[in-house]
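Colleague: There's a structure below that I have some questions on.
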Amino acid sequence: MTEPEGGPEMLSLRALADRLVADGVVEKISHQRVSQLAREDPAFPPVVKIGRASAVDYRLARPYFAGRKTRPGWRTDLKGKPPAAE
């Protein structure tokens with residue numbers, strides 16, 4: 001696999017959420033959810049502080065989100081943890 005030319009394409013978490021939807025990587029996602037994943041998922045791409053904002057390299061974030069398995073709508077506060085996948 002060859003590396004694309006140029007440096008990283010840094011986006012704020014809000015801009016990342018918008019770009020993922022615009023590029024069709026995910027159907028919908030909020031910047032709050034992106035922020036939660038950045039805090040809680042060890043596999044999330046590295047987050048860099050730029051001033052007071054947090055930023056992520058889009059070239060690393062796109063494959064992360066494209067390969068994520070989701071369970072939309074599962075209310076863990078009401079139903080507990082989802083059953084194990086078979």
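Here's how to read the names in the structure tokens: chain A, B, ... by the order shown, residue numbers from 1 in each chain, ligand numbers from 1 in the order shown.
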Can you pull out the residues contacting range 25-41 of chain A? Cut-off 10 Å, using only C-alpha atoms, and skip same-chain residues under 5 positions away; I want them as a ChimeraX atom specification.

Modeller: /A:12-20,46-47,54,56,62-68

Colleague: Let me see the file: selected residues, N, CA and C atoms, as a PDB file, in the first residue's frame.

Modeller:
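Saved to result39.pdb:
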```pdb
ATOM      1  N   SER A  12     -11.219  18.980  13.090  1.00  0.00           N
ATOM      2  CA  SER A  12     -11.788  18.972  14.432  1.00  0.00           C
ATOM      3  C   SER A  12     -12.793  17.827  14.508  1.00  0.00           C
ATOM      4  N   LEU A  13     -13.173  17.432  15.711  1.00  0.00           N
ATOM      5  CA  LEU A  13     -14.125  16.334  15.853  1.00  0.00           C
ATOM      6  C   LEU A  13     -15.471  16.700  15.234  1.00  0.00           C
ATOM      7  N   ARG A  14     -15.879  17.965  15.328  1.00  0.00           N
ATOM      8  CA  ARG A  14     -17.126  18.411  14.708  1.00  0.00           C
ATOM      9  C   ARG A  14     -17.029  18.316  13.175  1.00  0.00           C
ATOM     10  N   ALA A  15     -15.905  18.801  12.621  1.00  0.00           N
ATOM     11  CA  ALA A  15     -15.709  18.746  11.169  1.00  0.00           C
ATOM     12  C   ALA A  15     -15.579  17.293  10.695  1.00  0.00           C
ATOM     13  N   LEU A  16     -14.966  16.448  11.523  1.00  0.00           N
ATOM     14  CA  LEU A  16     -14.833  15.031  11.176  1.00  0.00           C
ATOM     15  C   LEU A  16     -16.204  14.385  11.039  1.00  0.00           C
ATOM     16  N   ALA A  17     -17.098  14.648  11.988  1.00  0.00           N
ATOM     17  CA  ALA A  17     -18.449  14.077  11.925  1.00  0.00           C
ATOM     18  C   ALA A  17     -19.151  14.526  10.640  1.00  0.00           C
ATOM     19  N   ASP A  18     -19.063  15.812  10.328  1.00  0.00           N
ATOM     20  CA  ASP A  18     -19.689  16.334   9.109  1.00  0.00           C
ATOM     21  C   ASP A  18     -19.091  15.701   7.858  1.00  0.00           C
ATOM     22  N   ARG A  19     -17.779  15.551   7.828  1.00  0.00           N
ATOM     23  CA  ARG A  19     -17.098  15.009   6.648  1.00  0.00           C
ATOM     24  C   ARG A  19     -17.412  13.536   6.445  1.00  0.00           C
ATOM     25  N   LEU A  20     -17.491  12.777   7.526  1.00  0.00           N
ATOM     26  CA  LEU A  20     -17.819  11.354   7.408  1.00  0.00           C
ATOM     27  C   LEU A  20     -19.192  11.153   6.781  1.00  0.00           C
ATOM     28  N   PRO A  46      -5.157   8.631  16.811  1.00  0.00           N
ATOM     29  CA  PRO A  46      -4.621   9.606  17.763  1.00  0.00           C
ATOM     30  C   PRO A  46      -5.295  10.974  17.654  1.00  0.00           C
ATOM     31  N   VAL A  47      -5.625  11.543  18.813  1.00  0.00           N
ATOM     32  CA  VAL A  47      -6.246  12.868  18.884  1.00  0.00           C
ATOM     33  C   VAL A  47      -5.169  13.864  19.300  1.00  0.00           C
ATOM     34  N   SER A  54      -9.799  19.629  19.702  1.00  0.00           N
ATOM     35  CA  SER A  54      -9.200  18.324  19.462  1.00  0.00           C
ATOM     36  C   SER A  54      -9.322  18.027  17.980  1.00  0.00           C
ATOM     37  N   VAL A  56      -8.198  15.237  14.560  1.00  0.00           N
ATOM     38  CA  VAL A  56      -7.828  13.882  14.151  1.00  0.00           C
ATOM     39  C   VAL A  56      -7.459  13.927  12.670  1.00  0.00           C
ATOM     40  N   ARG A  62     -10.987   7.872   8.605  1.00  0.00           N
ATOM     41  CA  ARG A  62     -11.911   7.301   7.611  1.00  0.00           C
ATOM     42  C   ARG A  62     -11.921   5.774   7.652  1.00  0.00           C
ATOM     43  N   PRO A  63     -10.757   5.101   7.584  1.00  0.00           N
ATOM     44  CA  PRO A  63     -10.802   3.632   7.650  1.00  0.00           C
ATOM     45  C   PRO A  63     -11.317   3.102   8.989  1.00  0.00           C
ATOM     46  N   TYR A  64     -11.043   3.824  10.076  1.00  0.00           N
ATOM     47  CA  TYR A  64     -11.555   3.423  11.386  1.00  0.00           C
ATOM     48  C   TYR A  64     -13.082   3.384  11.358  1.00  0.00           C
ATOM     49  N   PHE A  65     -13.713   4.445  10.867  1.00  0.00           N
ATOM     50  CA  PHE A  65     -15.174   4.498  10.841  1.00  0.00           C
ATOM     51  C   PHE A  65     -15.755   3.569   9.771  1.00  0.00           C
ATOM     52  N   ALA A  66     -15.075   3.404   8.652  1.00  0.00           N
ATOM     53  CA  ALA A  66     -15.575   2.522   7.591  1.00  0.00           C
ATOM     54  C   ALA A  66     -15.617   1.071   8.067  1.00  0.00           C
ATOM     55  N   GLY A  67     -14.697   0.687   8.944  1.00  0.00           N
ATOM     56  CA  GLY A  67     -14.638  -0.693   9.411  1.00  0.00           C
ATOM     57  C   GLY A  67     -15.374  -0.967  10.709  1.00  0.00           C
ATOM     58  N   ARG A  68     -15.965   0.066  11.314  1.00  0.00           N
ATOM     59  CA  ARG A  68     -16.652  -0.108  12.597  1.00  0.00           C
ATOM     60  C   ARG A  68     -17.979  -0.825  12.449  1.00  0.00           C
TER      61      ARG A  68
END
```

Colleague: For Glu9 in chain A, list every protein, DNA or RNA residue within 7 Å, evaluated using only C-alpha atoms, and leave out those in the same chain fewer than 2 positions away; present the list as a list in words.

Modeller: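 The contact residues come out as Gly7, Leu11, Asp57, Tyr58 and Arg59 of chain A.
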
Colleague: Provide the CA of Ala43 in chain A to CA of Thr70 in chain A distance in Å, to one decimal place.

Modeller: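 Going from CA of Ala43 in chain A over to CA of Thr70 in chain A, I get 14.6 Å.
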
Colleague: From the set A:Pro42, A:Ala55, A:Lys49, A:Ala22, which residue has the shortest atom-to-atom contact distance to Met10 in chain A, counting only C-alpha atoms?

Modeller: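 Closest residue, counting only C-alpha atoms: A:Ala55.
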